[in-house]
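Colleague: First the structure, which I've put down as structure tokens, then a few questions once you've had a look.
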Amino acid sequence: MLAGEMREHLKNVIIPFWEGLKDNAEGGYYGWVGYDLKVDEKAVKGCILNSRILWFFSNAYKIFKDEKLLEDARHAYEFMKKYCMDKKYGGIYWSIRYDGEPEETIKHTYNQAFAIYALSSYYDAGGDKEALDMAFELFRIIEEKCTDEVGYRECFSCAFLEIENDKLSENGVIADKTMNTLLHVLEAYTELYRVSGDARVGEKLKRILDTFADKVYNPPLHRQEVFFDAQMDTILDLHSYGHDIETAWLVDRALEVLEDEGYTRKLRPITKDLTAQIYKTAFDGHSLANECEKGVVDETRVWWVQAETVVGFLNGYEKDSSKTEYLDAAKSVWEFIKEYVVDQRDGSEWYWKVDKEGKPIGEEPIVEPWKCPYHNGRMCFEVIRRSENVPEFA
């Protein structure tokens with residue numbers, strides 16, 4: 001049931017919605033659809049959004065083997081190559097104007113990572129060696145320009161001079177380093193290592209896993225810390241429920257790709273603990289709350305958090321089939337998504353956020369630089385792929 005419904009949701013909702021945003025005049029995909037479902041054809045095009053669209057259509061092609069989907073991916077790839085890549089200093093800009101001129105030229109490690117993730121998947125889908133070469137160039141840039149003895153520095157000027165990290169800081173703090181950026185460098189390197197087998201990437205992947213285990217994971221609180229100073233000391237009492245359940249399965253994926261018994265022994269107890277704690281503290285039987293800051297829970301039901309919850313709980317069940325409560329939880333969250341998070345209006349996709357009862361909050365845009373087909377599309381891909389080995393997901 002799950003996998004079949006995910007296929008239909010991809011074919012009938014997510015894929016046609018994003019195909020409808022292809023900008024055939026200026027390249028890439030339109031960067032803004034308001035709550036009123038009006039497309040702003042002159043809105044800024046976020047490079048993260050473009051990377052995620054490239055990643056999405058590359059993986060949609062691998063699922064459905066429809067050449068049209070590969071062409072959709074190629075459209076995003078050509079935009080990235082022509083406009084998002086800085087030809088002078090290297091790296092990916094933050095955002096591009098609708099006509100292809102750079103808008104914000106800062107370089108963020110998070111952004112470089114998502115481009116690596118997308119380019120690796122595009123190479124895997126279409127076999128374009130140029131895309132893999134671009135991914136390795138961005139890998140080189142991250143390792144040479146964005147690292148220190150502790151981990152990954154995050155925000156830089158166009159010429160890679162470090163600046164204030166306001167792009168990935170939230171909740172009233174400015175963080176030197178964040179769990180969020182580290183997580184997506186992990187994700188990017190996992191995909192690059194999967195498609196290339198390059199030993200250099202594997203070694204950096206191990207370093208990231210060590211950082212998660214030794215710096216990010218908080219054993220007494222059974223959670224990850226979120227915002228850090230330059231030395232990776234936490235600066236805010238915050239439990240990000242969505243990131244913890246996402247981290248649990250992304251770390252497990254990294255371990256599967258890495259195939260290192262020592263790291264599996266070190267990290268698997270952590271991913272199991274994160275999953276168990278999210279089930280215990282954040283899941284209400286139908287959906288997942290957003291986060292808890294200084295003991296106060298934000299009950300907002302955010303689109304991407306619900307999508308990652310489905311995958312995270314399915315992953316927990318796949319790793320330990322005695323945890324049938326995780327399977328039930330994943331199915332329950334999917335029902336909540338279908339009923340409340342998917343926007344039932346013609347020509348729409350998912351709401352940004354709803355309240356605990358499922359009512360849309362505010363009038364948040366349907367598409368903007370952070371609202372994309374990445375989390376919900378990936379949820380569908382993961383369920384479909386896992387159903388090949390786990391009959392309960394079919």
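The chains in the structure tokens are called A, B, ... from first to last as shown; in each chain the residues are counted from 1, and the ligands are counted from 1 in the order shown.
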Write down as a PyMOL selection string the residues of segment 223-388 of chain A whose backbone DSSP state falls under alpha helix (DSSP H).

Modeller: chain A and resi 241-258+261-281+303-319+324-336+375-386

Colleague: Out of A:Gly100, A:Gly197, A:Gly46, A:Gly90, which residue has the shortest atom-to-atom distance to Ser120 of chain A when counting only C-alpha atoms?

Modeller: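 Under the stated criterion, the closest residue is A:Gly197.
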
Colleague: Which residue gives the smallest distance to Ser169 of chain A among A:Glu187, A:Glu246, A:Asp229, A:Asp66, with only C-alpha atoms counted?

Modeller: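 Selected residue with least distance to Ser169 of chain A: A:Asp229.
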
Colleague: Near segment 287-295 of chain A, counting only C-alpha atoms, which residues have an atom at most 8 Å away, once you skip same-chain residues fewer than 5 positions from it, shown as a list in words?

Modeller: Asp237, Leu238, His239, Ser240, Tyr241, Gly242, Ala282, Thr300, Arg301, Val302, Val305, Gln306, Thr309, Ser332, Val333, Phe336 and Lys356 of chain A

Colleague: Rank A:Glu162, A:Glu261, A:Glu368, A:Asp72 by their smallest atom-to-atom distance to Pro16 of chain A, using only C-alpha atoms, and report the top residue only.

Modeller: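 Among A:Glu162, A:Glu261, A:Glu368, A:Asp72, it is A:Asp72 that comes nearest to Pro16 of chain A.
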
Colleague: Tell me, as a list in words, which residues lie within 8 Å of Leu236 of chain A, counting only C-alpha atoms; anything in the same chain fewer than 4 positions away does not count.

Modeller: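 Counting only C-alpha atoms, the residues come to Val173, Glu225, Val226, Phe227 and Phe228 of chain A.
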
Colleague: Those selected residues, please, written with N, CA and C atoms and delivered as a CSV table (one decimal), in the first residue's frame.

Modeller:
chain,number,residue,atom,x,y,z
A,173,VAL,N,20.0,33.1,17.7
A,173,VAL,CA,21.5,33.0,17.9
A,173,VAL,C,22.2,33.1,16.5
A,225,GLU,N,22.7,18.2,19.6
A,225,GLU,CA,22.7,19.7,19.7
A,225,GLU,C,22.7,20.3,18.3
A,226,VAL,N,22.3,21.5,18.3
A,226,VAL,CA,21.9,22.2,17.0
A,226,VAL,C,22.9,23.3,16.6
A,227,PHE,N,23.1,24.2,17.5
A,227,PHE,CA,23.9,25.4,17.1
A,227,PHE,C,25.2,25.4,18.0
A,228,PHE,N,26.3,25.7,17.4
A,228,PHE,CA,27.6,25.6,18.1
A,228,PHE,C,28.5,26.9,17.9

Colleague: With only C-alpha atoms as the counted atoms, please give the residues lying no more than 8 Å from Gly27 of chain A, apart from itself and same-chain residues fewer than 4 positions off, as a ChimeraX atom specification.

Modeller: /A:22-23,75-76,78-79,99-100

Colleague: DSSP says strand (DSSP E) for which residues of segment 82-262 of chain A? Put them as a list in words?

Modeller: Ser95, Ile96, Pro102, Glu103, Glu104, Lys107, His108, Cys155, Phe156, Lys177, Thr178, Tyr217, Asn218, Arg223, Gln224, Phe227, Phe228, Leu238, His239 and Ser240 of chain A

Colleague: Which is closest to Cys155 of chain A among A:Tyr30, A:Trp303, A:Tyr279, A:Tyr110, if we use only C-alpha atoms?

Modeller: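 Residue with the minimum atom-to-atom distance to Cys155 of chain A: A:Tyr110.
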
Colleague: Name the closest residue to Gln231 of chain A among the candidates A:Met379, A:Val296, A:Val150, A:Ile278; distances are taken between atoms, counting only C-alpha atoms.

Modeller: A:Val150

Colleague: Just want the 10 Å neighbourhood of Cys47 of chain A, counted on only C-alpha atoms, with same-chain residues fewer than 5 positions away dropped. Output as a ChimeraX atom specification.

Modeller: /A:28,31,52-53,79-80,83-85,92-96,104,111-112,114-115,369-370

Colleague: As number ranges by chain, please: the residues near Lys129 of chain A (cut-off 12 Å, only C-alpha atoms, same-chain neighbours under 5 positions excluded).

Modeller: A: 119-124, 134-136, 195-196

Colleague: For atom CA of Glu325 of chain A and atom CA of Lys338 of chain A, determine how far apart the two atoms are, in Å to one decimal place.

Modeller: 20.0 Å

Colleague: Interatomic distance between atom CA of Asp273 of chain A and atom CA of Ala248 of chain A?

Modeller: 8.6 Å

Colleague: Just give me the gap between atom CA of Leu2 of chain A and atom CA of Arg385 of chain A in Å, one decimal is fine.

Modeller: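 Interatomic distance here is 11.3 Å.
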
Colleague: Nearest to Leu168 of chain A among A:Arg207, A:Lys323, A:Arg345, A:His108, with distances taken over only C-alpha atoms: which residue is it?

Modeller: A:His108
